[in-house]
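Source file: upload-v7.txt; contents: compact mmCIF, C-alpha atoms and all ligand atoms.
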# COMPACT_ATOMS: atom_id res chain seq x y z
CA MET A 16 146.44 147.96 51.61
CA PRO A 17 147.29 146.40 55.00
CA THR A 18 149.59 143.37 54.97
CA PRO A 19 147.36 140.37 54.24
CA SER A 20 147.11 137.81 57.01
CA LEU A 21 147.40 134.03 56.82
CA LEU A 22 146.61 131.47 59.51
CA ILE A 23 148.58 128.27 59.03
CA LEU A 24 147.18 125.10 60.59
CA PRO A 25 149.61 122.25 59.78
CA GLY A 26 147.58 119.59 61.64
CA ASP A 27 148.59 115.93 61.79
CA GLY A 28 150.61 113.26 60.00
CA ILE A 29 152.16 114.61 56.81
CA GLY A 30 150.37 117.96 57.35
CA PRO A 31 153.33 119.60 59.13
CA GLU A 32 155.79 118.04 56.66
CA VAL A 33 154.13 119.47 53.56
CA MET A 34 153.46 122.78 55.32
CA THR A 35 157.19 123.23 55.97
CA GLU A 36 157.65 123.31 52.19
CA VAL A 37 154.79 125.79 51.76
CA ARG A 38 156.51 128.03 54.31
CA LYS A 39 159.57 128.11 52.04
CA VAL A 40 157.33 129.19 49.18
CA ILE A 41 155.60 131.88 51.27
CA ASP A 42 159.00 133.22 52.35
CA TRP A 43 160.20 133.25 48.76
CA PHE A 44 157.23 135.34 47.60
CA GLY A 45 157.91 137.74 50.48
CA ALA A 46 161.61 138.08 49.67
CA LYS A 47 161.47 138.01 45.87
CA ARG A 48 158.05 139.26 44.83
CA GLY A 49 157.30 141.77 47.57
CA LEU A 50 154.27 139.74 48.57
CA SER A 51 154.46 139.73 52.35
CA PHE A 52 152.00 138.08 54.66
CA GLU A 53 151.43 138.36 58.36
CA VAL A 54 151.62 134.66 59.21
CA PHE A 55 150.09 133.08 62.30
CA GLU A 56 150.36 129.41 63.14
CA ASP A 57 148.16 127.27 65.35
CA LEU A 58 147.06 123.72 66.11
CA VAL A 59 144.18 121.77 64.61
CA GLY A 60 143.02 118.16 64.66
CA GLY A 61 144.84 115.57 66.71
CA ALA A 62 147.64 118.03 67.50
CA ALA A 63 145.09 120.40 69.07
CA TYR A 64 143.45 117.51 70.88
CA ASP A 65 146.78 116.46 72.39
CA ALA A 66 147.47 120.00 73.62
CA HIS A 67 143.97 121.18 74.58
CA GLY A 68 141.60 118.19 74.60
CA THR A 69 139.69 119.55 71.60
CA PRO A 70 140.42 119.39 67.85
CA LEU A 71 139.82 123.15 67.51
CA THR A 72 139.84 125.67 70.36
CA ASP A 73 137.48 128.67 70.36
CA GLU A 74 140.58 130.89 70.19
CA THR A 75 141.79 129.21 67.00
CA MET A 76 138.28 129.39 65.55
CA ALA A 77 138.19 133.14 66.27
CA LYS A 78 141.62 133.60 64.67
CA ALA A 79 140.44 131.77 61.56
CA GLN A 80 137.46 134.13 61.31
CA GLY A 81 139.76 137.14 61.54
CA VAL A 82 142.40 136.43 58.88
CA ASP A 83 142.33 136.90 55.13
CA ALA A 84 142.94 133.21 54.49
CA VAL A 85 143.52 129.94 56.34
CA LEU A 86 145.95 127.32 55.04
CA LEU A 87 145.48 123.81 56.44
CA GLY A 88 147.69 120.71 56.10
CA ALA A 89 145.71 117.62 57.09
CA VAL A 90 144.02 116.16 60.15
CA GLY A 91 143.47 112.69 61.55
CA GLY A 92 145.36 109.50 62.13
CA PRO A 93 145.13 106.08 63.77
CA ALA A 94 146.08 107.43 67.22
CA TYR A 95 142.78 109.30 67.27
CA ASP A 96 140.50 106.70 65.71
CA THR A 97 139.07 105.54 69.01
CA LEU A 98 138.33 109.01 70.41
CA ASP A 99 134.78 110.13 71.07
CA PHE A 100 133.17 111.27 67.84
CA ALA A 101 132.80 114.86 69.13
CA VAL A 102 136.56 115.32 69.62
CA LYS A 103 137.88 113.44 66.61
CA PRO A 104 140.40 115.45 64.56
CA GLU A 105 138.03 115.60 61.57
CA ARG A 106 135.48 117.47 63.71
CA GLY A 107 137.93 120.38 63.95
CA LEU A 108 138.07 120.71 60.18
CA LEU A 109 134.30 120.35 59.84
CA ARG A 110 133.78 123.07 62.44
CA LEU A 111 136.07 125.44 60.52
CA ARG A 112 134.15 124.80 57.30
CA LYS A 113 130.75 125.17 58.96
CA GLU A 114 131.39 128.22 61.14
CA MET A 115 133.24 130.08 58.39
CA ASP A 116 130.33 129.09 56.11
CA LEU A 117 132.70 127.89 53.37
CA PHE A 118 129.99 126.54 51.12
CA ALA A 119 131.90 126.29 47.82
CA ASN A 120 134.76 123.81 47.74
CA LEU A 121 136.79 124.14 44.54
CA ARG A 122 138.72 120.98 43.67
CA PRO A 123 140.53 121.35 40.38
CA ALA A 124 141.95 118.26 38.73
CA GLN A 125 144.61 119.05 36.17
CA CYS A 126 146.86 116.50 34.57
CA PHE A 127 150.33 117.94 34.12
CA ASP A 128 151.85 116.63 30.92
CA ALA A 129 154.82 115.14 32.78
CA LEU A 130 152.42 112.93 34.74
CA ALA A 131 150.16 111.83 31.89
CA ASP A 132 151.85 108.43 31.72
CA PHE A 133 151.63 108.04 35.44
CA SER A 134 147.85 108.07 35.77
CA SER A 135 146.19 104.69 36.15
CA LEU A 136 144.29 105.58 32.97
CA LYS A 137 145.71 105.76 29.44
CA ARG A 138 147.63 108.90 28.41
CA ASP A 139 145.04 109.85 25.76
CA VAL A 140 142.27 109.79 28.32
CA VAL A 141 143.98 112.17 30.76
CA ALA A 142 146.58 114.27 28.88
CA GLY A 143 145.58 117.92 29.02
CA LEU A 144 142.81 117.26 31.51
CA ASP A 145 141.60 120.40 33.30
CA ILE A 146 138.36 120.06 35.22
CA MET A 147 136.97 121.82 38.27
CA ILE A 148 134.78 120.01 40.78
CA VAL A 149 132.70 122.37 42.88
CA ARG A 150 131.62 120.48 45.98
CA GLU A 151 128.98 121.91 48.33
CA LEU A 152 130.74 121.89 51.70
CA THR A 153 128.56 123.08 54.57
CA SER A 154 125.34 121.10 54.27
CA GLY A 155 123.91 117.84 52.98
CA ILE A 156 124.37 114.55 54.75
CA TYR A 157 127.50 115.77 56.55
CA PHE A 158 125.48 118.16 58.68
CA GLY A 159 121.77 117.29 58.31
CA GLU A 160 119.60 116.63 61.36
CA PRO A 161 118.48 114.27 62.77
CA ARG A 162 121.72 112.40 63.13
CA GLY A 163 123.21 110.04 65.65
CA ILE A 164 123.32 106.44 66.81
CA ILE A 165 120.02 105.64 68.52
CA ASP A 166 118.39 102.62 70.13
CA ASP A 167 115.71 100.95 68.06
CA ASN A 168 113.81 99.96 71.26
CA GLU A 169 114.22 96.29 70.35
CA GLY A 170 117.73 95.93 71.69
CA GLY A 171 119.39 97.01 68.47
CA ARG A 172 120.92 100.28 67.30
CA VAL A 173 120.34 102.52 64.31
CA GLY A 174 122.86 104.87 62.71
CA VAL A 175 121.12 107.96 61.32
CA ASN A 176 122.28 110.73 58.99
CA THR A 177 120.07 113.03 57.00
CA GLN A 178 120.58 114.39 53.49
CA ARG A 179 119.02 117.85 53.51
CA TYR A 180 119.39 120.81 51.16
CA THR A 181 117.54 124.11 51.05
CA THR A 182 116.87 126.14 47.95
CA ASP A 183 119.32 128.84 49.04
CA GLU A 184 122.09 126.34 49.77
CA ILE A 185 121.77 124.85 46.30
CA ARG A 186 121.46 128.19 44.54
CA ARG A 187 124.55 129.74 46.09
CA VAL A 188 126.85 126.85 45.22
CA ALA A 189 125.34 126.69 41.73
CA ARG A 190 126.17 130.39 41.26
CA ALA A 191 129.76 129.70 42.31
CA ALA A 192 129.96 126.97 39.66
CA PHE A 193 128.45 129.12 36.89
CA GLU A 194 130.79 132.01 37.75
CA LEU A 195 133.80 129.70 37.47
CA ALA A 196 132.53 128.20 34.22
CA LYS A 197 132.30 131.67 32.65
CA LYS A 198 136.04 132.08 33.19
CA ARG A 199 136.82 128.59 31.87
CA GLY A 200 135.06 126.43 29.28
CA ASN A 201 131.56 127.84 29.90
CA ARG A 202 130.08 124.43 30.75
CA VAL A 203 128.60 123.10 33.99
CA CYS A 204 127.53 119.51 34.67
CA SER A 205 125.43 119.09 37.81
CA MET A 206 125.45 115.69 39.52
CA GLU A 207 122.91 114.27 41.98
CA LYS A 208 120.62 111.27 42.25
CA ALA A 209 117.28 112.80 41.34
CA ASN A 210 116.13 109.30 40.38
CA VAL A 211 116.13 108.12 44.00
CA MET A 212 116.40 111.15 46.32
CA GLU A 213 114.03 114.09 46.82
CA SER A 214 117.02 116.25 47.75
CA GLY A 215 118.37 115.33 44.32
CA ILE A 216 115.16 116.42 42.62
CA LEU A 217 115.34 119.78 44.39
CA TRP A 218 119.05 120.05 43.52
CA ARG A 219 118.38 119.53 39.82
CA GLU A 220 115.44 121.97 39.76
CA GLU A 221 117.30 124.71 41.61
CA VAL A 222 120.50 124.42 39.57
CA GLN A 223 118.32 124.63 36.45
CA TRP A 224 116.53 127.70 37.93
CA VAL A 225 119.82 129.52 38.55
CA HIS A 226 120.89 128.68 35.03
CA ASP A 227 117.66 129.81 33.33
CA ASN A 228 117.34 133.01 35.36
CA GLU A 229 120.93 134.11 35.85
CA TYR A 230 123.34 132.23 33.58
CA PRO A 231 121.46 131.24 30.40
CA GLU A 232 124.67 131.75 28.40
CA VAL A 233 126.47 128.91 30.23
CA GLU A 234 125.87 125.38 28.95
CA LEU A 235 124.26 123.23 31.65
CA SER A 236 123.82 119.46 31.73
CA HIS A 237 122.65 117.09 34.47
CA MET A 238 123.91 113.62 35.27
CA TYR A 239 123.15 111.04 37.93
CA ALA A 240 126.18 110.94 40.21
CA ASP A 241 126.80 107.22 39.70
CA ALA A 242 126.84 107.66 35.93
CA GLY A 243 129.01 110.74 36.50
CA ALA A 244 131.55 108.63 38.38
CA MET A 245 131.65 106.24 35.45
CA GLN A 246 132.04 109.06 32.91
CA LEU A 247 134.77 110.64 35.04
CA VAL A 248 136.99 107.60 34.52
CA ARG A 249 135.74 106.77 31.01
CA ALA A 250 136.17 110.18 29.37
CA PRO A 251 137.04 112.85 31.95
CA LYS A 252 137.86 115.53 29.38
CA GLN A 253 134.15 115.84 28.48
CA PHE A 254 133.76 117.89 31.70
CA ASP A 255 134.58 121.50 32.46
CA VAL A 256 132.94 122.38 35.81
CA ILE A 257 131.12 119.73 37.84
CA VAL A 258 128.85 120.91 40.65
CA THR A 259 127.65 118.42 43.20
CA ASP A 260 126.73 117.91 46.84
CA ASN A 261 128.95 117.39 49.85
CA LEU A 262 129.19 113.60 49.87
CA PHE A 263 129.19 112.97 46.12
CA GLY A 264 131.80 115.73 45.80
CA ASP A 265 133.99 114.04 48.39
CA LEU A 266 133.96 110.77 46.45
CA LEU A 267 134.19 112.22 42.95
CA SER A 268 137.14 114.46 43.85
CA ASP A 269 139.17 111.58 45.28
CA ALA A 270 138.48 109.65 42.07
CA ALA A 271 139.47 112.70 40.00
CA ALA A 272 142.73 112.84 41.94
CA MET A 273 143.88 109.59 40.39
CA LEU A 274 143.31 111.02 36.92
CA THR A 275 146.09 113.48 37.70
CA GLY A 276 148.49 110.79 38.88
CA SER A 277 148.35 111.08 42.67
CA LEU A 278 146.27 112.34 45.54
CA GLY A 279 149.44 114.22 46.46
CA MET A 280 148.85 116.60 43.53
CA LEU A 281 145.34 117.87 44.25
CA PRO A 282 144.77 121.26 45.91
CA SER A 283 141.50 122.81 47.04
CA ALA A 284 139.94 126.12 47.99
CA SER A 285 136.93 126.40 50.26
CA LEU A 286 135.22 129.73 49.75
CA GLY A 287 132.42 131.52 51.58
CA ALA A 288 130.62 134.81 51.25
CA PRO A 289 132.61 138.02 50.65
CA MET A 290 134.07 139.75 53.71
CA GLU A 291 134.11 143.54 54.22
CA ASN A 292 137.16 143.85 51.94
CA GLY A 293 135.25 142.12 49.15
CA ARG A 294 137.37 138.95 49.32
CA PRO A 295 135.69 135.65 50.14
CA LYS A 296 136.20 133.97 53.48
CA ALA A 297 138.59 131.21 52.56
CA LEU A 298 140.41 128.08 53.63
CA TYR A 299 142.93 126.32 51.40
CA GLU A 300 143.97 122.71 51.87
CA PRO A 301 145.17 119.71 49.92
CA VAL A 302 142.50 117.13 49.08
CA HIS A 303 144.59 114.37 50.64
CA GLY A 304 144.59 113.44 54.31
CA SER A 305 147.30 112.91 56.91
CA ALA A 306 148.66 109.79 55.14
CA PRO A 307 149.59 107.88 58.31
CA ASP A 308 151.27 105.16 56.23
CA ILE A 309 154.05 107.53 55.15
CA ALA A 310 153.98 110.18 57.91
CA GLY A 311 157.30 111.13 59.49
CA GLN A 312 159.36 109.59 56.68
CA GLY A 313 159.94 112.60 54.45
CA LYS A 314 158.09 110.83 51.62
CA ALA A 315 155.04 113.05 51.26
CA ASN A 316 154.45 114.97 48.06
CA PRO A 317 154.12 118.65 49.03
CA SER A 318 152.63 119.66 45.63
CA ALA A 319 148.97 119.58 46.68
CA CYS A 320 149.65 121.89 49.61
CA ILE A 321 151.91 124.18 47.55
CA LEU A 322 149.26 124.34 44.82
CA SER A 323 146.67 125.15 47.52
CA PHE A 324 148.74 128.21 48.37
CA ALA A 325 148.69 129.09 44.65
CA MET A 326 144.90 128.98 44.85
CA ALA A 327 145.10 131.36 47.83
CA LEU A 328 147.17 133.78 45.73
CA ARG A 329 144.50 133.63 43.04
CA TYR A 330 141.24 133.63 45.01
CA SER A 331 142.11 135.55 48.20
CA PHE A 332 144.87 137.89 47.14
CA ASP A 333 144.01 138.71 43.53
CA ARG A 334 147.42 137.59 42.32
CA GLY A 335 146.48 135.20 39.55
CA ASP A 336 149.81 136.13 37.90
CA GLU A 337 151.85 134.89 40.85
CA ALA A 338 149.57 131.86 41.25
CA THR A 339 150.35 130.91 37.66
CA ARG A 340 154.08 131.43 38.33
CA LEU A 341 153.87 128.97 41.22
CA GLU A 342 151.81 126.43 39.26
CA ARG A 343 154.35 126.60 36.41
CA ALA A 344 157.17 126.07 38.91
CA VAL A 345 155.53 122.85 40.12
CA GLU A 346 155.00 121.78 36.52
CA THR A 347 158.67 122.50 35.72
CA VAL A 348 159.83 120.41 38.65
CA LEU A 349 157.75 117.47 37.46
CA ALA A 350 159.05 117.89 33.93
CA GLN A 351 162.60 117.83 35.32
CA GLY A 352 161.78 114.42 36.74
CA VAL A 353 161.95 115.42 40.40
CA ARG A 354 159.38 113.02 41.86
CA THR A 355 158.31 111.97 45.30
CA ALA A 356 157.64 108.24 45.68
CA ASP A 357 153.90 108.54 44.96
CA LEU A 358 154.79 109.78 41.45
CA MET A 359 157.16 106.98 40.56
CA GLN A 360 156.67 103.66 38.85
CA ALA A 361 157.86 100.69 40.86
CA GLU A 362 161.01 100.31 38.77
CA GLY A 363 161.98 103.97 38.49
CA GLY A 364 165.08 105.37 40.27
CA SER A 365 165.28 106.84 43.73
CA PRO A 366 162.54 109.17 44.84
CA ALA A 367 162.88 112.79 45.91
CA SER A 368 162.09 113.59 49.52
CA THR A 369 159.45 116.08 50.61
CA SER A 370 162.08 118.75 51.14
CA ASP A 371 163.92 117.92 47.87
CA MET A 372 160.68 118.62 46.07
CA GLY A 373 160.10 121.88 47.98
CA ASP A 374 163.65 123.01 47.24
CA ALA A 375 163.22 122.17 43.56
CA VAL A 376 160.06 124.32 43.46
CA ILE A 377 162.01 127.22 44.98
CA ALA A 378 164.76 126.74 42.38
CA ALA A 379 162.14 126.77 39.61
CA LEU A 380 160.62 129.94 41.07
CA GLU A 381 164.08 131.54 41.07
CA ALA A 382 164.55 130.53 37.45
CA SER A 383 161.23 132.16 36.58
CA LEU A 384 162.49 135.64 37.48
P1 LIG A 401 144.96 109.89 52.88
O1 LIG A 401 144.67 110.93 51.83
O2 LIG A 401 145.59 110.38 54.10
O3 LIG A 401 145.87 108.76 52.23
C1 LIG A 401 145.44 107.92 51.16
C2 LIG A 401 146.68 107.36 50.41
O4 LIG A 401 147.28 108.40 49.64
C3 LIG A 401 147.76 106.84 51.36
O5 LIG A 401 148.36 105.72 50.79
C4 LIG A 401 148.74 108.00 51.41
O6 LIG A 401 150.07 107.61 51.69
C5 LIG A 401 148.62 108.61 50.02
N1 LIG A 401 148.87 110.05 50.07
C6 LIG A 401 148.03 111.01 50.51
N2 LIG A 401 148.60 112.21 50.44
C7 LIG A 401 149.83 112.03 49.94
C8 LIG A 401 150.92 112.90 49.63
N3 LIG A 401 150.84 114.23 49.82
N4 LIG A 401 152.05 112.37 49.13
C9 LIG A 401 152.15 111.05 48.93
N5 LIG A 401 151.16 110.17 49.19
C10 LIG A 401 150.02 110.65 49.69
O7 LIG A 401 143.57 109.20 53.19
P2 LIG A 401 143.19 108.12 54.33
O8 LIG A 401 144.32 107.18 54.50
O9 LIG A 401 141.86 107.64 53.93
O10 LIG A 401 143.02 108.97 55.64
C11 LIG A 401 144.01 109.12 56.65
C12 LIG A 401 143.53 110.11 57.68
O11 LIG A 401 143.42 111.42 57.09
C13 LIG A 401 142.14 109.80 58.24
O12 LIG A 401 142.17 110.10 59.62
C14 LIG A 401 141.21 110.74 57.50
O13 LIG A 401 140.06 111.07 58.21
C15 LIG A 401 142.10 111.93 57.32
N6 LIG A 401 141.76 112.78 56.18
C16 LIG A 401 141.91 114.12 56.39
C17 LIG A 401 141.68 114.98 55.35
C18 LIG A 401 141.88 116.44 55.59
O14 LIG A 401 142.49 116.81 56.59
N7 LIG A 401 141.38 117.31 54.73
C19 LIG A 401 141.31 114.52 54.08
C20 LIG A 401 141.18 113.11 53.91
C21 LIG A 401 141.43 112.26 54.97
C1 LIG A 402 138.11 115.80 52.65
C2 LIG A 402 138.10 114.83 53.80
C3 LIG A 402 137.13 115.31 54.85
C4 LIG A 402 135.72 115.20 54.29
C5 LIG A 402 137.20 114.64 56.22
C6 LIG A 402 138.60 114.56 56.76
C7 LIG A 402 136.32 115.37 57.21
O1 LIG A 402 137.82 113.56 53.36
O2 LIG A 402 138.38 116.99 52.87
O3 LIG A 402 137.87 115.38 51.51
O4 LIG A 402 135.11 114.13 54.32
O5 LIG A 402 135.22 116.22 53.81
MN MN A 403 137.75 113.37 51.15
Would you mind giving the structure from this file in structure tokens?
Amino acid sequence: MPTPSLLILPGDGIGPEVMTEVRKVIDWFGAKRGLSFEVFEDLVGGAAYDAHGTPLTDETMAKAQGVDAVLLGAVGGPAYDTLDFAVKPERGLLRLRKEMDLFANLRPAQCFDALADFSSLKRDVVAGLDIMIVRELTSGIYFGEPRGIIDDNEGGRVGVNTQRYTTDEIRRVARAAFELAKKRGNRVCSMEKANVMESGILWREEVQWVHDNEYPEVELSHMYADAGAMQLVRAPKQFDVIVTDNLFGDLLSDAAAMLTGSLGMLPSASLGAPMENGRPKALYEPVHGSAPDIAGQGKANPSACILSFAMALRYSFDRGDEATRLERAVETVLAQGVRTADLMQAEGGSPASTSDMGDAVIAALEASL
């Protein structure tokens, strides 16, 4: 098999800081596990805008299409907030997702035992939590037409976005959710607002169709997304796989992050259709953003980005065994009490820096041999 290729896009804010730690991990797997990657690095987001006047050049887009997996840090920040909408950092990320057709965004939320007391919810509610949110990522209100800010012809303005889903778009993300459920707890809960939106009615009908025709053995339930948000904080362990649309998935996965203790813990995989080698097109990134409030201070928790690389090992490189090794290493580090500031109570000791945490993960990997 040819050496697998990885495109690293550190991006903005804490993106480059957490990616430095992932680089250590990638190098370790190369040196100690014989898992070598051909690694390319490029700019995205504000960093690409500063260098090229666009958040994603065509060259970088082409590179992303040609590698086995893309690993992204984070994009955005206050310096870019006043830019034209078309060149905002976030547009670079959205273009990657859309043009690579990464329709299934897997956002697992697992509560490591060492962090169970750290969640804003009670230990009993979150201990042992292991849910998977599957967010549709290339359609819905993020991309629907018409969109824009238009004149209302009476001197005022109207902001327009359109929620739009086709049968095929719903069916393919539903299949991704059912496939995952089969390997986990065999349960899918689909969330929409079929009580107020036609797109929600279609969503519910099509998810049910995929279930009845292709996955009758998986348990399927439906929930309105607002009730789902409530249940997610009331009793999150009732869920196994949640499948939902682009916008609801964005909100629900940020909420789920706090169940695990910190946004700095949550990884994600964005998967598309299989390529010629049978592997899905894929981009891996933490759920968190560029965290401008702590950027440049060595405070960022690199776990979400490191765990995103673990997802790459599992979903792009068929190395679930090494993914588990890496996940256990992160868990060990937390159990040892090595914590970045986001994982500490106000009164508790001095926090580990971003690189302390990365080094501790490497030490735990070493100890796993
Ligand atoms: P954010 O995720 O950047 O930060 C929210 C809060 O969580 C902040 O207090 C931050 O310090 C903290 N946080 C986030 N990641 C952390 C980590 N790894 N370690 C410790 N603390 C962490 O969200 P925001 O403030 O709403 O957005 C900031 C910028 O990031 C915006 O420009 C936004 O568009 C962008 N953003 C990008 C992505 C992405 O690149 N995928 C995702 C979300 C937001
Ligand atoms: C995320 C982010 C992005 C989104 C932004 C930065 C475009 O919030 O990945 O969750 O809204 O999808
Ligand atoms: Mn988000």
Quiz prompt | Environment of ligand LIG 402 (chain A) within 7 Å, counting all atoms listed in the file, reported as a list of chain:residue names | solution = A:Val90, A:Glu105, A:Arg106, A:Leu108, A:Leu109, A:Asp265, A:Val302, A:His303, A:Gly304
Go ahead and write the residues just picked, C-alpha atoms, as an mmCIF file, in the coordinates of the input.
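Resulting contents of out-v9.cif:
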data_model
loop_
_atom_site.group_PDB
_atom_site.id
_atom_site.type_symbol
_atom_site.label_atom_id
_atom_site.label_comp_id
_atom_site.auth_asym_id
_atom_site.auth_seq_id
_atom_site.Cartn_x
_atom_site.Cartn_y
_atom_site.Cartn_z
ATOM 1 C CA VAL A 90 144.020 116.160 60.150
ATOM 2 C CA GLU A 105 138.030 115.600 61.570
ATOM 3 C CA ARG A 106 135.480 117.470 63.710
ATOM 4 C CA LEU A 108 138.070 120.710 60.180
ATOM 5 C CA LEU A 109 134.300 120.350 59.840
ATOM 6 C CA ASP A 265 133.990 114.040 48.390
ATOM 7 C CA VAL A 302 142.500 117.130 49.080
ATOM 8 C CA HIS A 303 144.590 114.370 50.640
ATOM 9 C CA GLY A 304 144.590 113.440 54.310
#
Exercise. Taking only C-alpha atoms and all ligand atoms into account, report as a ChimeraX atom specification which residues have an atom no farther than 9 Å from an atom of ligand LIG 401 (chain A).
Key: /A:26-30,33,60,87-96,103-105,108,269,277-281,300-310,314-320,355-358,369
Axis-aligned box for range 256-260 of chain A, 3 Å per side, centre and edges in Å as lines of an AutoDock Vina configuration file:
center_x = 129.8
center_y = 120.1
center_z = 41.3
size_x = 12.2
size_y = 10.5
size_z = 17.0
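Between CA of Leu328 in chain A and CA of Ala192 in chain A there is a distance of 19.5 Å.
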Quiz item: How many Å lie between CA of Thr339 in chain A and CA of Gly293 in chain A, rounded to one decimal?
Solution: 22.0 Å
Close residues, Ala209 in chain A itself excluded, 12 Å, all atoms listed in the file, min 5 positions apart in chain, as a PDB file with C-alpha atoms, in the frame of the given file:
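What landed in selection.pdb:
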ATOM      1  CA  SER A 214     117.020 116.250  47.750  1.00  0.00           C
ATOM      2  CA  GLY A 215     118.370 115.330  44.320  1.00  0.00           C
ATOM      3  CA  ILE A 216     115.160 116.420  42.620  1.00  0.00           C
ATOM      4  CA  LEU A 217     115.340 119.780  44.390  1.00  0.00           C
ATOM      5  CA  TRP A 218     119.050 120.050  43.520  1.00  0.00           C
ATOM      6  CA  ARG A 219     118.380 119.530  39.820  1.00  0.00           C
ATOM      7  CA  GLU A 220     115.440 121.970  39.760  1.00  0.00           C
ATOM      8  CA  GLU A 221     117.300 124.710  41.610  1.00  0.00           C
ATOM      9  CA  HIS A 237     122.650 117.090  34.470  1.00  0.00           C
ATOM     10  CA  MET A 238     123.910 113.620  35.270  1.00  0.00           C
ATOM     11  CA  TYR A 239     123.150 111.040  37.930  1.00  0.00           C
ATOM     12  CA  ALA A 240     126.180 110.940  40.210  1.00  0.00           C
ATOM     13  CA  ASP A 241     126.800 107.220  39.700  1.00  0.00           C
ATOM     14  CA  THR A 259     127.650 118.420  43.200  1.00  0.00           C
TER      15      THR A 259
END
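Close to (131.0, 130.8, 56.3), meaning no more than 9 Å away when counting all atoms listed in the file, sit the residues Gln80, Leu111, Arg112, Lys113, Glu114, Met115, Asp116, Leu117, Phe118, Thr153, Leu286, Gly287, Ala288, Lys296 and Ala297 of chain A.
The space separating CA of Ile257 in chain A from CA of Ser205 in chain A comes to 5.7 Å.
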Self-check item: Nearest residue to ligand MN 403 (chain A) from the set A:Gly174, A:Glu342, A:Val54, A:Asn120 (distances using all atoms listed in the file)
Solution: A:Asn120
Practice problem: Name the residues in contact with Ala350 in chain A at a cut-off of 10 Å, using all atoms listed in the file, excluding same-chain residues fewer than 4 positions from it; report them as a ChimeraX atom specification. | Solution: /A:127-130,344-346,354
What's the 10 Å shell around Thr75 in chain A, counting only C-alpha atoms, without same-chain residues fewer than 2 positions away, as a PDB file with C-alpha atoms, in the frame of the given file?
ATOM      1  CA  LEU A  22     146.610 131.470  59.510  1.00  0.00           C
ATOM      2  CA  LEU A  24     147.180 125.100  60.590  1.00  0.00           C
ATOM      3  CA  GLU A  56     150.360 129.410  63.140  1.00  0.00           C
ATOM      4  CA  ASP A  57     148.160 127.270  65.350  1.00  0.00           C
ATOM      5  CA  LEU A  58     147.060 123.720  66.110  1.00  0.00           C
ATOM      6  CA  VAL A  59     144.180 121.770  64.610  1.00  0.00           C
ATOM      7  CA  ALA A  63     145.090 120.400  69.070  1.00  0.00           C
ATOM      8  CA  PRO A  70     140.420 119.390  67.850  1.00  0.00           C
ATOM      9  CA  LEU A  71     139.820 123.150  67.510  1.00  0.00           C
ATOM     10  CA  THR A  72     139.840 125.670  70.360  1.00  0.00           C
ATOM     11  CA  ASP A  73     137.480 128.670  70.360  1.00  0.00           C
ATOM     12  CA  ALA A  77     138.190 133.140  66.270  1.00  0.00           C
ATOM     13  CA  LYS A  78     141.620 133.600  64.670  1.00  0.00           C
ATOM     14  CA  ALA A  79     140.440 131.770  61.560  1.00  0.00           C
ATOM     15  CA  GLN A  80     137.460 134.130  61.310  1.00  0.00           C
ATOM     16  CA  GLY A  81     139.760 137.140  61.540  1.00  0.00           C
ATOM     17  CA  LEU A 111     136.070 125.440  60.520  1.00  0.00           C
TER      18      LEU A 111
END
Exercise. Counting only C-alpha atoms, figure out which residue out of A:Asn168, A:Asn261, A:Gln253, A:Thr347 gets nearest to Gly200 in chain A.
Key: A:Gln253
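For the choices A:Ala270, A:Met245, A:Val225, A:Ala189, the atom-to-atom distance to ligand MN 403 (chain A) is smallest for A:Ala270 when using only C-alpha atoms and all ligand atoms.
Nearest to Gly49 in chain A of all the residues A:Asp139, A:Glu337, A:Glu160, A:Glu32 is A:Glu337, based on all atoms listed in the file.
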Quiz item: Which residue, A:Gly276, A:Gly264, A:Gly335, A:Gly243, has the smallest gap to ligand MN 403 (chain A) when you use only C-alpha atoms and all ligand atoms?
Solution: A:Gly264
Exercise. Would you mind listing what lies within 9 Å of Leu262 in chain A as a PyMOL selection string, with only C-alpha atoms counted and same-chain residues fewer than 6 positions away left out?
Key: chain A and resi 150-152+155-157
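With all atoms listed in the file as the atoms that count, the residue of A:Gly61, A:Gly171, A:Pro282, A:Pro25 with the shortest distance to ligand MN 403 (chain A) is A:Pro282.
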Practice problem: Would you list the contacts of Lys137 in chain A as a ChimeraX atom specification, taking every protein, DNA or RNA residue within 12 Å and counting all atoms listed in the file, but skipping same-chain residues closer than 6 positions in sequence? | Solution: /A:126,130-131,248-251,273-276
Exercise. In the coordinates of the file, take the point (158.0, 124.3, 50.5) and a cut-off of 6 Å; then, counting only C-alpha atoms, name each qualifying protein, DNA or RNA residue as a count of residues only.
Key: 7
